[in-house]
Amino acid sequence: MSDSKIAHRKHFRSRYGLLKVSFICLLSLQFLSARAQDKYWYFISEGISKTESQKILESLQLEPVTWSKWFHAWSAHGSLDNEIDGVDSCRKVTPLKLQRTLFEEPTLGFALEQMDAKILTNEGLTGKGVKIGIIDGGFLGAEQTASLAPIIADGRLVAFRNFLQPSDTDPFGGFRSLDDQHGTEVWELTGGYNAQKRIQFGLATGADYYLARTDHGAREQRQEEDFLIAALEWMDSLEVKLVNISLGYNTDYDNPAENYTPAMMDGKTALASLACQRATEEKGMLIVVAAGNDGDNSWKVIDVPADAPGVLTVGSTDLKFWRKMPFSSTGTDFTPFLKPEISCFASSGTSFSAPVITGLAACLWEKSPALSNTDLKALILQSGHLAGAPNNYMGHGVPSAKWLLFRITQDLVEIPEPAAIAPQSANKKKSITLEGEGKKNVVLFHKKDRFSVIKQEFFSTETNSLQVKQLENAKFTTVIVDHELVMEVEWE
């Protein structure tokens with residue numbers, strides 16, 4: 001089942017609806033700015049009324065805009081070649097240069113801004129030559145989605161297979177009531193770019209795409225996991241090395257006997273997870289999987305196949321403070337590996353965080369094709385703002401595109417695993433001196449061990465002295481100030 005339902009989609013669309021309104025306004029400003037290049041104030045002779053002067057200007061193919069009683073003048077588009085009776089003088093209006101420059105570069109989606117992805121787009125990286133597979137629900141309406149139209153028009157939708165109905169060769173059919181556009185939204189955040197509005201949603205705008213529908217919105221059966229396995233094998237046969245899976249399976253199956261339990265999220269129980277693990281270990285594939293949206297309900301932990309140790313499992317953060325979003329599923333505390341492993345912004349589901357990371361991976365692979373899937377994954381983890389002290393809420397945190405590009409351009413093929421920072425010992429309280437002036441935003445992760453979070457805490461302070469107190473049962477506390485990892489405290 002897809003881990004984002006109708007309420008989530010409404011939230012997602014309302015957010016981009018605000019962008020839509022903003023860009024309509026900007027388009028209007030651009031139009032007015034262009035017109036302003038030949039806009040003048042025409043100062044009318046005394047004795048000629050507003051109505052009479054308007055008729056004079058219109059008779060000369062000018063377009064009156066605003067009448068000024070104080071100056072006895074019209075602003076109007078168009079210029080006069082000769083002096084005419086009734087107009088004493090004119091003054092050209094200077095164009096507003098600032099408004100015109102707003103359109104020189106596209107606006108990046110919020111998650112891309114969070115990762116400082118502008119450096120990748122400035123470098124011209126688009127994931128060109130990289131094959132990306134998307135295993136999801138339906139791709140309803142993708143051909144009518146402006147941000148995906150260039151991909152389809154360029155023939156970069158290379159292949160589609162519907163594992164629910166093998167005879168169905170139309171990638172873009174389905175029903176909104178069944179959440180059949182979920183795959184479309186995921187695709188858009190992988191590589192969508194709306195040229196008309198100049199909004200870039202995903203980084204892999206130049207990649208080739210292979211789409212597979214394996215999930216049915218109206219029923220929940222283990223068979224869908226079988227389809228997921230078949231889709232992975234199909235993509236492997238087509239030499240696809242990068243795959244996004246924004247699907248998750250745990251409970252609510254039509255047959256309750258098929259339900260999982262949280263204890264089964266161990267990476268070795270579900271066959272779909274084992275298949276993803278084989279794809280990473282034996283086939284050289286990088287599988288990017290949404291962590292799940294159960295962080296604020298009784299299930300809480302990640303789903304199948306996000307529990308496979310070799311996949312890159314992605315959680316969600318808020319935009320401003322980089323805290324774990326309440327819905328974002330946490331990792332278990334009983335496995336020897338950490339989940340999720342990386343996080344980025346999404347307001348309405350980890351389904352919409354994972355494709356952002358997939359697009360990022362595509363650009364990195366374009367820049368350095370020699371990287372193995374495991375080296376690429378390790379590189380992304382090492383770029384996270386929590387790489388020195390990862391946890392089961394956000395993994396290694398939010399990746400830095402600037403840091404990643406620097407490492408890639410240094411031709412560092414062998415990437416070491418992120419090293420943990422050395423914790424500083426304290427007893428009940430720890431005083432920390434902060435640098436800089438003004439308000440500082442502080443996020444604390446109180447943990448029962450090095451990775452397992454008990455509580456996430458947030459506050460703002462304007463002082464340069466921070467006192468961290470031990471939470472009951474906490475053995476460690478991670479301190480982050482304005483997105484910078486400051487310290488790991490180990491309580492005695």
# chains A, B, ... in the order shown; residues from 1 in each chain; ligands from 1
call {"tool": "residues_around", "arguments": {"residues": "Gln165 of chain A", "least_positions_apart": "4", "cutoff": "10 Å", "atoms": "only C-alpha atoms", "output": "PyMOL selection string"}}
result
chain A and resi 161+169+213-214
call {"tool": "residues_around", "arguments": {"residues": "segment 259-271 of chain A", "least_positions_apart": "4", "cutoff": "12 Å", "atoms": "only C-alpha atoms", "output": "ChimeraX atom specification"}}
result
/A:220-230,248-255,275-278,291,294,298-311,313,329-339
call {"tool": "write_last_selection", "arguments": {"atoms": "N, CA and C atoms", "output": "compact mmCIF listing (two decimals), in the first residue's frame"}}
result
# COMPACT_ATOMS: atom_id res chain seq x y z
N GLU A 220 -5.42 -4.67 -0.20
CA GLU A 220 -4.11 -4.88 0.39
C GLU A 220 -3.87 -6.38 0.52
N GLN A 221 -2.96 -6.87 -0.30
CA GLN A 221 -2.65 -8.30 -0.30
C GLN A 221 -1.15 -8.48 -0.40
N ARG A 222 -0.67 -9.58 0.19
CA ARG A 222 0.76 -9.87 0.11
C ARG A 222 1.21 -10.04 -1.35
N GLN A 223 0.26 -10.30 -2.22
CA GLN A 223 0.60 -10.45 -3.63
C GLN A 223 1.28 -9.21 -4.19
N GLU A 224 0.95 -8.06 -3.63
CA GLU A 224 1.57 -6.82 -4.09
C GLU A 224 3.08 -6.83 -3.82
N GLU A 225 3.48 -7.48 -2.75
CA GLU A 225 4.91 -7.64 -2.48
C GLU A 225 5.56 -8.55 -3.52
N ASP A 226 4.81 -9.57 -3.95
CA ASP A 226 5.31 -10.44 -5.01
C ASP A 226 5.56 -9.63 -6.28
N PHE A 227 4.61 -8.73 -6.59
CA PHE A 227 4.76 -7.89 -7.77
C PHE A 227 5.99 -6.98 -7.64
N LEU A 228 6.24 -6.49 -6.42
CA LEU A 228 7.40 -5.64 -6.18
C LEU A 228 8.69 -6.40 -6.51
N ILE A 229 8.75 -7.66 -6.08
CA ILE A 229 9.92 -8.50 -6.37
C ILE A 229 10.07 -8.68 -7.88
N ALA A 230 8.95 -8.97 -8.55
CA ALA A 230 8.99 -9.16 -10.01
C ALA A 230 9.44 -7.88 -10.71
N GLY A 248 5.06 0.95 1.37
CA GLY A 248 5.38 0.32 2.64
C GLY A 248 4.30 -0.65 3.05
N TYR A 249 4.68 -1.74 3.67
CA TYR A 249 3.74 -2.80 4.04
C TYR A 249 3.95 -3.18 5.51
N ASN A 250 2.84 -3.20 6.25
CA ASN A 250 2.90 -3.66 7.65
C ASN A 250 1.62 -4.38 8.06
N THR A 251 0.52 -3.63 8.23
CA THR A 251 -0.75 -4.23 8.65
C THR A 251 -1.86 -3.83 7.68
N ASP A 252 -3.12 -4.03 8.11
CA ASP A 252 -4.30 -3.64 7.32
C ASP A 252 -4.45 -4.45 6.03
N TYR A 253 -3.90 -5.66 6.00
CA TYR A 253 -4.14 -6.53 4.85
C TYR A 253 -5.59 -7.02 4.85
N ASP A 254 -6.11 -7.31 3.66
CA ASP A 254 -7.47 -7.83 3.55
C ASP A 254 -7.63 -9.11 4.36
N ASN A 255 -6.59 -9.91 4.38
CA ASN A 255 -6.55 -11.11 5.21
C ASN A 255 -5.65 -10.81 6.41
N ALA A 275 14.53 -9.47 -1.18
CA ALA A 275 14.77 -9.19 -2.61
C ALA A 275 15.52 -7.87 -2.78
N CYS A 276 15.13 -6.86 -2.02
CA CYS A 276 15.83 -5.57 -2.09
C CYS A 276 17.27 -5.72 -1.63
N GLN A 277 17.48 -6.55 -0.61
CA GLN A 277 18.83 -6.77 -0.12
C GLN A 277 19.68 -7.46 -1.19
N ARG A 278 19.10 -8.44 -1.86
CA ARG A 278 19.82 -9.13 -2.93
C ARG A 278 20.15 -8.17 -4.06
N ALA A 291 10.62 5.55 4.44
CA ALA A 291 10.63 4.91 5.76
C ALA A 291 9.24 4.48 6.20
N ASP A 294 4.22 6.04 9.96
CA ASP A 294 3.59 5.51 11.17
C ASP A 294 4.23 6.02 12.45
N SER A 298 0.37 3.73 16.61
CA SER A 298 0.82 2.62 17.44
C SER A 298 1.91 1.77 16.79
N TRP A 299 1.98 1.75 15.46
CA TRP A 299 3.01 0.94 14.79
C TRP A 299 4.39 1.55 14.99
N LYS A 300 4.54 2.83 14.68
CA LYS A 300 5.71 3.68 14.91
C LYS A 300 6.92 3.39 14.03
N VAL A 301 7.27 2.15 13.81
CA VAL A 301 8.55 1.85 13.17
C VAL A 301 8.41 1.73 11.65
N ILE A 302 9.54 1.50 10.99
CA ILE A 302 9.60 1.40 9.54
C ILE A 302 8.81 0.20 9.03
N ASP A 303 8.58 0.18 7.72
CA ASP A 303 7.80 -0.86 7.05
C ASP A 303 8.70 -1.77 6.23
N VAL A 304 8.07 -2.75 5.59
CA VAL A 304 8.69 -3.55 4.53
C VAL A 304 8.54 -2.77 3.21
N PRO A 305 9.57 -2.57 2.39
CA PRO A 305 10.92 -3.13 2.49
C PRO A 305 11.96 -2.16 3.04
N ALA A 306 11.53 -1.12 3.77
CA ALA A 306 12.47 -0.15 4.32
C ALA A 306 13.40 -0.77 5.35
N ASP A 307 13.04 -1.98 5.82
CA ASP A 307 13.86 -2.62 6.86
C ASP A 307 15.04 -3.40 6.28
N ALA A 308 15.16 -3.49 4.96
CA ALA A 308 16.31 -4.18 4.37
C ALA A 308 17.57 -3.39 4.68
N PRO A 309 18.58 -4.02 5.25
CA PRO A 309 19.76 -3.26 5.68
C PRO A 309 20.50 -2.57 4.56
N GLY A 310 20.45 -3.10 3.34
CA GLY A 310 21.22 -2.52 2.25
C GLY A 310 20.56 -1.37 1.52
N VAL A 311 19.23 -1.19 1.69
CA VAL A 311 18.55 -0.10 0.99
C VAL A 311 18.84 1.22 1.69
N THR A 313 17.13 4.03 3.28
CA THR A 313 15.81 4.32 3.85
C THR A 313 15.74 5.79 4.22
N SER A 329 8.27 7.47 10.20
CA SER A 329 8.51 6.25 10.98
C SER A 329 9.93 6.21 11.51
N THR A 330 10.09 5.65 12.69
CA THR A 330 11.40 5.52 13.31
C THR A 330 11.98 4.15 13.03
N GLY A 331 13.27 4.02 13.26
CA GLY A 331 13.90 2.72 13.15
C GLY A 331 13.66 1.90 14.40
N THR A 332 13.82 0.60 14.27
CA THR A 332 13.68 -0.28 15.42
C THR A 332 14.90 -0.14 16.32
N ASP A 333 14.79 -0.68 17.54
CA ASP A 333 15.92 -0.62 18.46
C ASP A 333 16.53 -2.00 18.71
N PHE A 334 16.20 -2.97 17.82
CA PHE A 334 16.69 -4.33 18.05
C PHE A 334 17.51 -4.88 16.89
N THR A 335 17.80 -4.05 15.89
CA THR A 335 18.60 -4.53 14.76
C THR A 335 20.02 -3.96 14.87
N PRO A 336 21.00 -4.65 14.29
CA PRO A 336 22.37 -4.15 14.34
C PRO A 336 22.65 -3.04 13.34
N PHE A 337 21.66 -2.68 12.53
CA PHE A 337 21.83 -1.61 11.56
C PHE A 337 20.83 -0.50 11.85
N LEU A 338 21.16 0.71 11.38
CA LEU A 338 20.37 1.91 11.68
C LEU A 338 19.38 2.21 10.57
N LYS A 339 18.17 2.52 10.94
CA LYS A 339 17.13 2.99 10.02
C LYS A 339 16.35 4.12 10.70
call {"tool": "closest_residue", "arguments": {"among": "A:Thr433, A:Asn441, A:Gln424, A:Ser68", "to": "Lys475 of chain A", "atoms": "only C-alpha atoms"}}
result
A:Gln424
call {"tool": "select_by_dssp", "arguments": {"residues": "segment 85-297 of chain A", "states": "helix (DSSP H, G or I)", "output": "PyMOL selection string"}}
result
chain A and resi 97-101+110-114+118-122+142-144+149-153+176-178+182-191+223-237+256-258+262-264+271-282
call {"tool": "select_by_dssp", "arguments": {"residues": "segment 131-373 of chain A", "states": "strand (DSSP E)", "output": "JSON, numbers by chain"}}
result
{"A": [131, 132, 133, 134, 135, 136, 157, 158, 159, 160, 161, 162, 193, 194, 199, 200, 208, 209, 210, 211, 212, 213, 242, 243, 244, 245, 286, 287, 288, 289, 290, 312, 313, 314, 315, 316, 317, 342, 343, 344, 345]}
call {"tool": "closest_residue", "arguments": {"among": "A:Glu472, A:Glu143, A:Glu188, A:Asp208", "to": "Thr126 of chain A", "atoms": "only C-alpha atoms"}}
result
A:Asp208
call {"tool": "residues_around", "arguments": {"residues": "Trp365 of chain A", "least_positions_apart": "2", "cutoff": "12 Å", "atoms": "only C-alpha atoms", "output": "mmCIF file with C-alpha atoms, in the first residue's frame"}}
result
data_model
loop_
_atom_site.group_PDB
_atom_site.id
_atom_site.type_symbol
_atom_site.label_atom_id
_atom_site.label_comp_id
_atom_site.auth_asym_id
_atom_site.auth_seq_id
_atom_site.Cartn_x
_atom_site.Cartn_y
_atom_site.Cartn_z
ATOM 1 C CA LEU A 125 23.831 17.955 -13.418
ATOM 2 C CA THR A 126 20.480 16.403 -14.351
ATOM 3 C CA GLY A 127 21.024 12.661 -13.951
ATOM 4 C CA LYS A 128 21.604 12.387 -17.697
ATOM 5 C CA GLY A 129 22.403 8.833 -18.747
ATOM 6 C CA VAL A 130 21.220 7.355 -15.443
ATOM 7 C CA LYS A 131 18.408 4.792 -15.551
ATOM 8 C CA ILE A 132 15.871 5.319 -12.754
ATOM 9 C CA ALA A 204 16.923 14.077 -12.114
ATOM 10 C CA ALA A 207 17.415 10.803 -16.473
ATOM 11 C CA LYS A 241 20.728 0.572 -11.162
ATOM 12 C CA LEU A 242 18.750 3.221 -9.263
ATOM 13 C CA MET A 285 21.496 -1.531 -7.412
ATOM 14 C CA LEU A 286 20.857 1.424 -5.121
ATOM 15 C CA THR A 358 16.740 9.411 -5.600
ATOM 16 C CA GLY A 359 17.155 12.481 -7.811
ATOM 17 C CA LEU A 360 20.177 13.521 -5.762
ATOM 18 C CA ALA A 361 21.755 10.080 -6.211
ATOM 19 C CA ALA A 362 21.170 10.257 -9.972
ATOM 20 C CA CYS A 363 23.102 13.528 -10.246
ATOM 21 C CA LYS A 367 29.066 13.100 -12.100
ATOM 22 C CA SER A 368 30.973 9.993 -10.986
ATOM 23 C CA PRO A 369 29.747 6.842 -12.765
ATOM 24 C CA ALA A 370 32.615 4.790 -11.296
ATOM 25 C CA LEU A 371 31.082 4.897 -7.819
ATOM 26 C CA SER A 372 29.593 1.598 -6.684
ATOM 27 C CA ASN A 373 26.110 1.547 -5.202
ATOM 28 C CA THR A 374 27.539 1.023 -1.706
ATOM 29 C CA ASP A 375 30.063 3.841 -2.089
ATOM 30 C CA LEU A 376 27.344 6.174 -3.355
ATOM 31 C CA LYS A 377 25.135 5.319 -0.403
ATOM 32 C CA LEU A 379 28.819 9.164 0.440
ATOM 33 C CA ILE A 380 25.254 10.427 0.867
ATOM 34 C CA LEU A 404 28.778 15.938 -1.907
ATOM 35 C CA LEU A 405 29.870 17.785 -5.030
ATOM 36 C CA ILE A 408 32.846 13.876 -5.960
ATOM 37 C CA THR A 409 35.082 16.394 -7.727
ATOM 38 C CA VAL A 413 36.127 6.687 -5.165
#
call {"tool": "closest_residue", "arguments": {"among": "A:Ser460, A:Gln470, A:Asn82, A:Thr317", "to": "Met394 of chain A", "atoms": "only C-alpha atoms"}}
result
A:Thr317
call {"tool": "closest_residue", "arguments": {"among": "A:Gln114, A:Asn244, A:Thr184, A:Asn122", "to": "Ala142 of chain A", "atoms": "only C-alpha atoms"}}
result
A:Thr184
call {"tool": "atom_distance", "arguments": {"atom1": "atom CA of Gln181 of chain A", "atom2": "atom CA of Phe160 of chain A"}}
result
15.0 Å
call {"tool": "residues_around", "arguments": {"residues": "Gly191 of chain A", "least_positions_apart": "6", "cutoff": "6 Å", "atoms": "only C-alpha atoms", "output": "count of residues only"}}
result
4
call {"tool": "residues_around", "arguments": {"residues": "Glu435 of chain A", "least_positions_apart": "5", "cutoff": "10 Å", "atoms": "only C-alpha atoms", "output": "ChimeraX atom specification"}}
result
/A:440,463-465,481
